[in-house]
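First the structure, in the form of structure tokens, and then the observations on it.
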Amino acid sequence: MVDVVMLQTRRMNIKDIIKSEIKGTIDKIQQTIGAPKSSPNLSHNKKTITAFLKSPINPRELYRAIKGIGDLATRPVKSEAARIADQGWYFLLGHIALTRFKSVKRVNPTPTDDLDIAASFFRQDLEHGIEKWETWYRLAQVYDAKIEDDLLWTADKINNHRQELATLQRNAIHAYAMAAAVAVRTADDDYETVQKISEMYAEFATRLYASSREPLTM
């Protein structure tokens, strides 16, 4: 069923998927699949990615990333979950949750549950294989959106919880860097892909600039 659904969704815009009947089918399939079963290699990959995202920013590594150099010591995962991850299933679920959050016009603070859901699915996708530049890119967008939400409504995070903001910024910058490195190595030259990568570089630069200026000042 995953193969059939993925064939259909590849023909659709992500915003149309959210509004279509196929969204209900996707939800039912995921309820049946459930969370991936843990394994030593999967646990290792999860810890490796978490440590990487939280690690200090090294400018030299950022320069290396935009030249296509950057990797993590992950291990291969062989399971049914790995097969559906290769099909793009977890990426699709994460992209739906991220798009759903972005599509809501907010005039007051609202829960960011969709961002947490999106991050969880993107992370699951990467835990089964890190050579996926767009998954890294969308994960970076999730952290960017969380930073924006923290700064938009109140100064509390700036005044009292700067460490939480610092962690989110590290997460976003590292995710953008891996997206750039993997894209240089693996992305095709299709027009749509080139457009996405162009947007990714612009957002990566914006994050670096915003993080190095007031009020964040890295």
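Labels used: A, B, ... for chains in the order of the structure tokens, numbers from 1 for residues in each chain, and numbers from 1 for ligands as shown.
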
* Residue list (helix (DSSP H, G or I), DSSP) for stretch 10-151 of chain A, as a ChimeraX atom specification -> /A:14-19,22-33,40-54,59-65,80-86,89-103,113-127,133-151

* May I have the residues within 9 Å of A:Trp136 as an MDAnalysis selection string, using only C-alpha atoms and disregarding those fewer than 4 positions away in the same chain? => chainID A and resid 122:123 126 130:132 140:141 174:180 182

Residue selection dump (all heavy atoms) as a short mmCIF file (atom, residue, chain, number, x, y, z; two decimals), in the first residue's frame:
data_model
loop_
_atom_site.label_atom_id
_atom_site.label_comp_id
_atom_site.auth_asym_id
_atom_site.auth_seq_id
_atom_site.Cartn_x
_atom_site.Cartn_y
_atom_site.Cartn_z
N PHE A 122 10.98 13.45 10.18
CA PHE A 122 12.20 13.73 9.44
C PHE A 122 13.39 13.02 10.07
O PHE A 122 14.26 12.48 9.37
CB PHE A 122 12.46 15.24 9.36
CG PHE A 122 11.52 16.00 8.47
CD1 PHE A 122 11.08 17.27 8.82
CD2 PHE A 122 11.07 15.45 7.28
CE1 PHE A 122 10.21 17.98 8.01
CE2 PHE A 122 10.20 16.15 6.45
CZ PHE A 122 9.77 17.42 6.81
N ARG A 123 13.43 13.02 11.40
CA ARG A 123 14.50 12.33 12.09
C ARG A 123 14.44 10.83 11.82
O ARG A 123 15.48 10.18 11.61
CB ARG A 123 14.42 12.61 13.60
CG ARG A 123 14.73 14.05 14.01
CD ARG A 123 16.21 14.31 14.11
NE ARG A 123 16.84 13.50 15.13
CZ ARG A 123 17.04 13.92 16.39
NH1 ARG A 123 16.67 15.14 16.76
NH2 ARG A 123 17.62 13.15 17.26
N LEU A 126 15.96 10.13 8.47
CA LEU A 126 17.42 10.22 8.47
C LEU A 126 18.08 9.10 9.25
O LEU A 126 19.20 8.68 8.92
CB LEU A 126 17.85 11.58 9.04
CG LEU A 126 17.44 12.79 8.20
CD1 LEU A 126 17.71 14.08 8.97
CD2 LEU A 126 18.18 12.80 6.86
N ILE A 130 21.22 8.81 5.87
CA ILE A 130 21.42 10.26 5.97
C ILE A 130 21.65 10.95 4.63
O ILE A 130 21.69 12.17 4.57
CB ILE A 130 22.61 10.59 6.90
CG1 ILE A 130 23.91 10.01 6.32
CG2 ILE A 130 22.35 10.09 8.31
CD1 ILE A 130 25.15 10.49 7.05
N GLU A 131 21.76 10.21 3.55
CA GLU A 131 22.03 10.83 2.25
C GLU A 131 20.74 11.33 1.59
O GLU A 131 20.41 10.94 0.46
CB GLU A 131 22.75 9.83 1.34
CG GLU A 131 24.16 9.52 1.77
CD GLU A 131 25.11 10.70 1.57
OE1 GLU A 131 25.35 11.07 0.43
OE2 GLU A 131 25.60 11.25 2.59
N LYS A 132 20.02 12.20 2.30
CA LYS A 132 18.74 12.73 1.81
C LYS A 132 18.74 14.23 2.05
O LYS A 132 18.36 14.70 3.12
CB LYS A 132 17.58 12.06 2.55
CG LYS A 132 17.56 10.53 2.41
CD LYS A 132 16.61 9.89 3.39
CE LYS A 132 16.67 8.36 3.29
NZ LYS A 132 15.83 7.69 4.30
N ALA A 140 15.70 21.42 8.92
CA ALA A 140 16.22 22.76 9.24
C ALA A 140 15.08 23.77 9.26
O ALA A 140 15.04 24.65 10.14
CB ALA A 140 17.27 23.17 8.22
N GLN A 141 14.14 23.66 8.33
CA GLN A 141 12.99 24.56 8.31
C GLN A 141 12.14 24.41 9.56
O GLN A 141 11.58 25.40 10.06
CB GLN A 141 12.14 24.30 7.07
CG GLN A 141 12.75 24.82 5.77
CD GLN A 141 11.79 24.68 4.61
OE1 GLN A 141 11.08 23.67 4.49
NE2 GLN A 141 11.75 25.67 3.75
N HIS A 174 23.22 23.13 11.68
CA HIS A 174 23.78 21.82 11.33
C HIS A 174 22.93 21.11 10.27
O HIS A 174 23.48 20.48 9.35
CB HIS A 174 23.88 20.95 12.58
CG HIS A 174 25.06 21.26 13.44
ND1 HIS A 174 26.34 21.34 12.96
CD2 HIS A 174 25.14 21.51 14.78
CE1 HIS A 174 27.17 21.62 13.95
NE2 HIS A 174 26.47 21.74 15.06
N ALA A 175 21.61 21.20 10.39
CA ALA A 175 20.73 20.56 9.41
C ALA A 175 20.90 21.21 8.03
O ALA A 175 20.96 20.51 7.01
CB ALA A 175 19.28 20.63 9.86
N TYR A 176 20.98 22.53 7.99
CA TYR A 176 21.23 23.21 6.71
C TYR A 176 22.57 22.78 6.13
O TYR A 176 22.69 22.56 4.91
CB TYR A 176 21.22 24.73 6.91
CG TYR A 176 19.86 25.37 6.90
CD1 TYR A 176 19.45 26.17 7.97
CD2 TYR A 176 18.99 25.21 5.83
CE1 TYR A 176 18.20 26.78 7.97
CE2 TYR A 176 17.74 25.82 5.82
CZ TYR A 176 17.35 26.61 6.89
OH TYR A 176 16.11 27.21 6.89
N ALA A 177 23.60 22.70 6.97
CA ALA A 177 24.93 22.33 6.49
C ALA A 177 24.94 20.93 5.87
O ALA A 177 25.51 20.71 4.80
CB ALA A 177 25.94 22.41 7.63
N MET A 178 24.27 19.99 6.54
CA MET A 178 24.20 18.63 5.98
C MET A 178 23.38 18.60 4.71
O MET A 178 23.70 17.88 3.76
CB MET A 178 23.63 17.67 7.02
CG MET A 178 24.63 17.19 8.05
SD MET A 178 26.02 16.23 7.32
CE MET A 178 25.13 14.78 6.74
N ALA A 179 22.32 19.41 4.67
CA ALA A 179 21.51 19.49 3.45
C ALA A 179 22.36 19.97 2.28
O ALA A 179 22.30 19.42 1.17
CB ALA A 179 20.33 20.43 3.67
N ALA A 180 23.18 20.98 2.53
CA ALA A 180 24.06 21.51 1.47
C ALA A 180 25.08 20.48 1.04
O ALA A 180 25.30 20.26 -0.16
CB ALA A 180 24.75 22.77 1.97
N VAL A 182 25.05 17.16 1.29
CA VAL A 182 24.45 16.03 0.58
C VAL A 182 23.92 16.46 -0.78
O VAL A 182 24.02 15.71 -1.77
CB VAL A 182 23.34 15.38 1.43
CG1 VAL A 182 22.67 14.25 0.66
CG2 VAL A 182 23.90 14.86 2.75
#

Neighbouring residues of A:Ile158 were defined as those with any atom within 12 Å, considering only C-alpha atoms; residues of the same chain fewer than 3 positions away were excluded. Please report them as a short mmCIF file (atom, residue, chain, number, x, y, z; two decimals) with N, CA and C atoms, in the first residue's frame.
data_model
loop_
_atom_site.label_atom_id
_atom_site.label_comp_id
_atom_site.auth_asym_id
_atom_site.auth_seq_id
_atom_site.Cartn_x
_atom_site.Cartn_y
_atom_site.Cartn_z
N ILE A 147 12.21 28.59 16.10
CA ILE A 147 12.91 29.80 16.54
C ILE A 147 12.02 31.02 16.31
N GLU A 148 11.45 31.10 15.12
CA GLU A 148 10.58 32.23 14.79
C GLU A 148 9.40 32.31 15.73
N ASP A 150 9.25 31.22 18.78
CA ASP A 150 9.73 31.62 20.12
C ASP A 150 9.99 33.12 20.21
N LEU A 151 10.36 33.74 19.09
CA LEU A 151 10.71 35.16 19.10
C LEU A 151 9.52 36.06 18.75
N LEU A 152 8.50 35.49 18.13
CA LEU A 152 7.43 36.31 17.57
C LEU A 152 6.50 36.90 18.61
N TRP A 153 6.16 36.12 19.64
CA TRP A 153 5.07 36.52 20.53
C TRP A 153 5.53 37.11 21.85
N THR A 154 6.75 36.78 22.26
CA THR A 154 7.19 37.22 23.58
C THR A 154 8.71 37.29 23.62
N ALA A 155 9.23 38.09 24.55
CA ALA A 155 10.69 38.19 24.73
C ALA A 155 11.18 37.23 25.81
N HIS A 161 15.49 32.19 28.61
CA HIS A 161 15.76 30.83 28.14
C HIS A 161 16.64 30.85 26.89
N ARG A 162 17.72 31.57 26.95
CA ARG A 162 18.59 31.71 25.78
C ARG A 162 19.23 30.38 25.36
N GLN A 163 19.44 29.50 26.33
CA GLN A 163 20.07 28.23 25.99
C GLN A 163 19.18 27.40 25.08
N GLU A 164 17.87 27.47 25.30
CA GLU A 164 16.94 26.74 24.42
C GLU A 164 17.01 27.29 23.00
N LEU A 165 17.09 28.61 22.88
CA LEU A 165 17.23 29.22 21.55
C LEU A 165 18.55 28.84 20.90
N ALA A 166 19.61 28.79 21.71
CA ALA A 166 20.93 28.42 21.18
C ALA A 166 20.90 27.00 20.62
N GLU A 214 21.89 40.93 16.60
CA GLU A 214 20.93 41.12 17.69
C GLU A 214 19.54 40.71 17.22
N PRO A 215 18.72 40.13 18.11
CA PRO A 215 18.99 39.92 19.53
C PRO A 215 19.65 38.58 19.87
N LEU A 216 19.95 37.76 18.85
CA LEU A 216 20.47 36.42 19.13
C LEU A 216 21.97 36.43 19.40
N THR A 217 22.73 37.08 18.54
CA THR A 217 24.18 37.28 18.70
C THR A 217 24.95 36.01 19.06
N MET A 218 24.48 34.89 18.63
CA MET A 218 25.16 33.60 18.79
C MET A 218 26.02 33.55 20.05
#

Quick one: everything within 8 Å of A:Phe121, counting only C-alpha atoms, minus sequence neighbours fewer than 2 positions away in the same chain. Send it as a tab-separated table (two decimals) with N, CA, C and O atoms, in the first residue's frame.
chain	number	residue	atom	x	y	z
A	90	TYR	N	8.46	8.41	5.43
A	90	TYR	CA	8.62	9.26	6.62
A	90	TYR	C	8.84	10.72	6.23
A	90	TYR	O	8.40	11.64	6.93
A	91	PHE	N	9.53	10.93	5.10
A	91	PHE	CA	9.68	12.30	4.61
A	91	PHE	C	8.32	12.90	4.27
A	91	PHE	O	8.04	14.06	4.62
A	93	LEU	N	5.36	12.15	5.54
A	93	LEU	CA	4.62	12.44	6.78
A	93	LEU	C	5.16	13.70	7.45
A	93	LEU	O	4.38	14.53	7.94
A	94	GLY	N	6.47	13.85	7.46
A	94	GLY	CA	7.05	15.06	8.04
A	94	GLY	C	6.71	16.30	7.24
A	94	GLY	O	6.39	17.35	7.82
A	117	ILE	N	5.89	16.99	15.44
A	117	ILE	CA	5.58	15.79	14.64
A	117	ILE	C	6.45	15.74	13.40
A	117	ILE	O	7.01	14.69	13.05
A	118	ALA	N	6.59	16.88	12.73
A	118	ALA	CA	7.42	16.95	11.52
A	118	ALA	C	8.86	16.57	11.84
A	118	ALA	O	9.49	15.77	11.12
A	119	ALA	N	9.41	17.15	12.91
A	119	ALA	CA	10.80	16.84	13.29
A	119	ALA	C	10.97	15.35	13.58
A	119	ALA	O	11.98	14.75	13.18
A	123	ARG	N	13.43	13.02	11.40
A	123	ARG	CA	14.50	12.33	12.09
A	123	ARG	C	14.44	10.83	11.82
A	123	ARG	O	15.48	10.18	11.61
A	124	GLN	N	13.24	10.26	11.84
A	124	GLN	CA	13.09	8.84	11.54
A	124	GLN	C	13.61	8.53	10.14
A	124	GLN	O	14.27	7.50	9.91
A	125	ASP	N	13.33	9.41	9.19
A	125	ASP	CA	13.80	9.22	7.83
A	125	ASP	C	15.33	9.19	7.79
A	125	ASP	O	15.93	8.31	7.16

* Asked: Using only C-alpha atoms, which of A:Ile33, A:Val104, A:Leu92, A:Val5 sits nearest A:Arg138?
  -> A:Leu92

Write out as an mmCIF file with all heavy atoms, in the first residue's frame which residues come within 12 Å of A:Val194 when counting only C-alpha atoms, dropping same-chain ones fewer than 6 positions away.
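File written: around.cif
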data_model
loop_
_atom_site.group_PDB
_atom_site.id
_atom_site.type_symbol
_atom_site.label_atom_id
_atom_site.label_comp_id
_atom_site.auth_asym_id
_atom_site.auth_seq_id
_atom_site.Cartn_x
_atom_site.Cartn_y
_atom_site.Cartn_z
ATOM 1 N N GLU A 134 16.978 16.750 0.961
ATOM 2 C CA GLU A 134 15.750 17.501 1.216
ATOM 3 C C GLU A 134 15.198 17.221 2.610
ATOM 4 O O GLU A 134 14.576 18.091 3.226
ATOM 5 C CB GLU A 134 14.683 17.218 0.158
ATOM 6 C CG GLU A 134 13.519 18.192 0.279
ATOM 7 C CD GLU A 134 12.512 18.129 -0.852
ATOM 8 O OE1 GLU A 134 12.722 17.360 -1.810
ATOM 9 O OE2 GLU A 134 11.508 18.858 -0.764
ATOM 10 N N ALA A 183 23.371 17.665 -0.873
ATOM 11 C CA ALA A 183 22.850 18.160 -2.156
ATOM 12 C C ALA A 183 23.967 18.278 -3.187
ATOM 13 O O ALA A 183 23.794 17.901 -4.353
ATOM 14 C CB ALA A 183 22.160 19.508 -1.964
ATOM 15 N N VAL A 184 25.119 18.798 -2.768
ATOM 16 C CA VAL A 184 26.251 18.922 -3.693
ATOM 17 C C VAL A 184 26.651 17.552 -4.230
ATOM 18 O O VAL A 184 26.989 17.394 -5.415
ATOM 19 C CB VAL A 184 27.451 19.598 -2.995
ATOM 20 C CG1 VAL A 184 28.703 19.530 -3.868
ATOM 21 C CG2 VAL A 184 27.125 21.051 -2.680
ATOM 22 N N ALA A 187 22.316 15.648 -5.489
ATOM 23 C CA ALA A 187 21.131 16.233 -6.118
ATOM 24 C C ALA A 187 21.248 16.238 -7.646
ATOM 25 O O ALA A 187 22.344 16.404 -8.201
ATOM 26 C CB ALA A 187 20.904 17.655 -5.609
ATOM 27 N N ASP A 188 20.104 16.044 -8.322
ATOM 28 C CA ASP A 188 20.099 16.115 -9.782
ATOM 29 C C ASP A 188 19.992 17.574 -10.222
ATOM 30 O O ASP A 188 19.882 18.483 -9.408
ATOM 31 C CB ASP A 188 18.931 15.291 -10.352
ATOM 32 C CG ASP A 188 17.586 15.733 -9.803
ATOM 33 O OD1 ASP A 188 17.290 16.944 -9.847
ATOM 34 O OD2 ASP A 188 16.806 14.870 -9.338
ATOM 35 N N MET A 200 17.056 26.832 -0.398
ATOM 36 C CA MET A 200 17.743 26.303 0.783
ATOM 37 C C MET A 200 18.974 27.139 1.128
ATOM 38 O O MET A 200 19.192 27.496 2.288
ATOM 39 C CB MET A 200 18.163 24.858 0.531
ATOM 40 C CG MET A 200 18.951 24.228 1.677
ATOM 41 S SD MET A 200 19.733 22.675 1.191
ATOM 42 C CE MET A 200 21.016 23.253 0.069
ATOM 43 N N TYR A 201 19.775 27.482 0.125
ATOM 44 C CA TYR A 201 20.964 28.297 0.376
ATOM 45 C C TYR A 201 20.577 29.662 0.934
ATOM 46 O O TYR A 201 21.241 30.186 1.845
ATOM 47 C CB TYR A 201 21.770 28.468 -0.907
ATOM 48 C CG TYR A 201 22.695 27.314 -1.221
ATOM 49 C CD1 TYR A 201 22.605 26.630 -2.424
ATOM 50 C CD2 TYR A 201 23.683 26.926 -0.318
ATOM 51 C CE1 TYR A 201 23.454 25.576 -2.719
ATOM 52 C CE2 TYR A 201 24.538 25.869 -0.595
ATOM 53 C CZ TYR A 201 24.420 25.195 -1.803
ATOM 54 O OH TYR A 201 25.264 24.148 -2.082
#

* Write out as a list in words the residues lying within 7 Å of stretch 52-54 of chain A, counting only C-alpha atoms and excluding same-chain residues fewer than 3 positions away. =>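 Contacts, with the query itself left out: Thr48, Ile49, Thr167, Arg170, Asn171 and His174 of chain A.
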
* Could you work out how far atom CA of A:Ala172 lies from atom CA of A:Asp190, giving the answer in Å with one decimal? ->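 Interatomic distance here is 25.6 Å.
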
Counting only C-alpha atoms, which residues in stretch 80-113 of chain A sit no more than 9 Å from stretch 9-30 of chain A? For each one, give the nearest pair of atoms and the distance in Å, sorted by chain then residue number, as a tab-separated table.
residue	atom	partner	partner_atom	distance
A:Leu92	CA	A:Ile14	CA	8.5
A:Leu93	CA	A:Ile26	CA	8.3
A:His95	CA	A:Ile14	CA	7.5
A:Ile96	CA	A:Ile18	CA	6.6
A:Ala97	CA	A:Ile18	CA	9.0
A:Thr99	CA	A:Lys15	CA	6.9
A:Arg100	CA	A:Ile18	CA	7.3
A:Ser103	CA	A:Lys15	CA	8.4

With C-alpha atoms retained, export the selected residues as a PDB file, in the first residue's frame.
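Written out: again-v5.pdb:
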ATOM      1  CA  LEU A  92       6.120  12.598   3.272  1.00  0.00           C
ATOM      2  CA  LEU A  93       4.622  12.439   6.777  1.00  0.00           C
ATOM      3  CA  HIS A  95       6.460  17.325   5.052  1.00  0.00           C
ATOM      4  CA  ILE A  96       2.679  17.123   5.562  1.00  0.00           C
ATOM      5  CA  ALA A  97       3.003  18.162   9.219  1.00  0.00           C
ATOM      6  CA  THR A  99       3.200  22.299   5.561  1.00  0.00           C
ATOM      7  CA  ARG A 100       0.123  22.079   7.774  1.00  0.00           C
ATOM      8  CA  SER A 103      -0.479  26.994   6.115  1.00  0.00           C
TER       9      SER A 103
END

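You will find atom CA of A:Ser211 at 10.5 Å from atom CA of A:Leu168.
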
* Of the candidates A:Phe101, A:Pro59, A:Pro111, A:Glu127, which shows the shortest atom-to-atom distance to A:Ala73, using only C-alpha atoms? ->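 The shortest atom-to-atom distance to A:Ala73 comes from A:Glu127.
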
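Take the candidates A:Ile69, A:Tyr137, A:Asp3, A:Tyr63 and check each one against A:Arg83 using only C-alpha atoms; the shortest distance goes to A:Asp3.
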
* To do: For each of A:Leu208, A:Ala81, A:Val142, A:Val2, take the minimum atom-to-atom distance to A:Ile173, counting only C-alpha atoms, then give the residue where this is smallest.
  =>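 With only C-alpha atoms as the atom set, the closest residue is A:Leu208.
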
* What is the distance, in Å and to one decimal place, between atom CA of A:Val77 and atom CA of A:His44? ->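 Value for the atom CA of A:Val77-atom CA of A:His44 distance: 10.2 Å.
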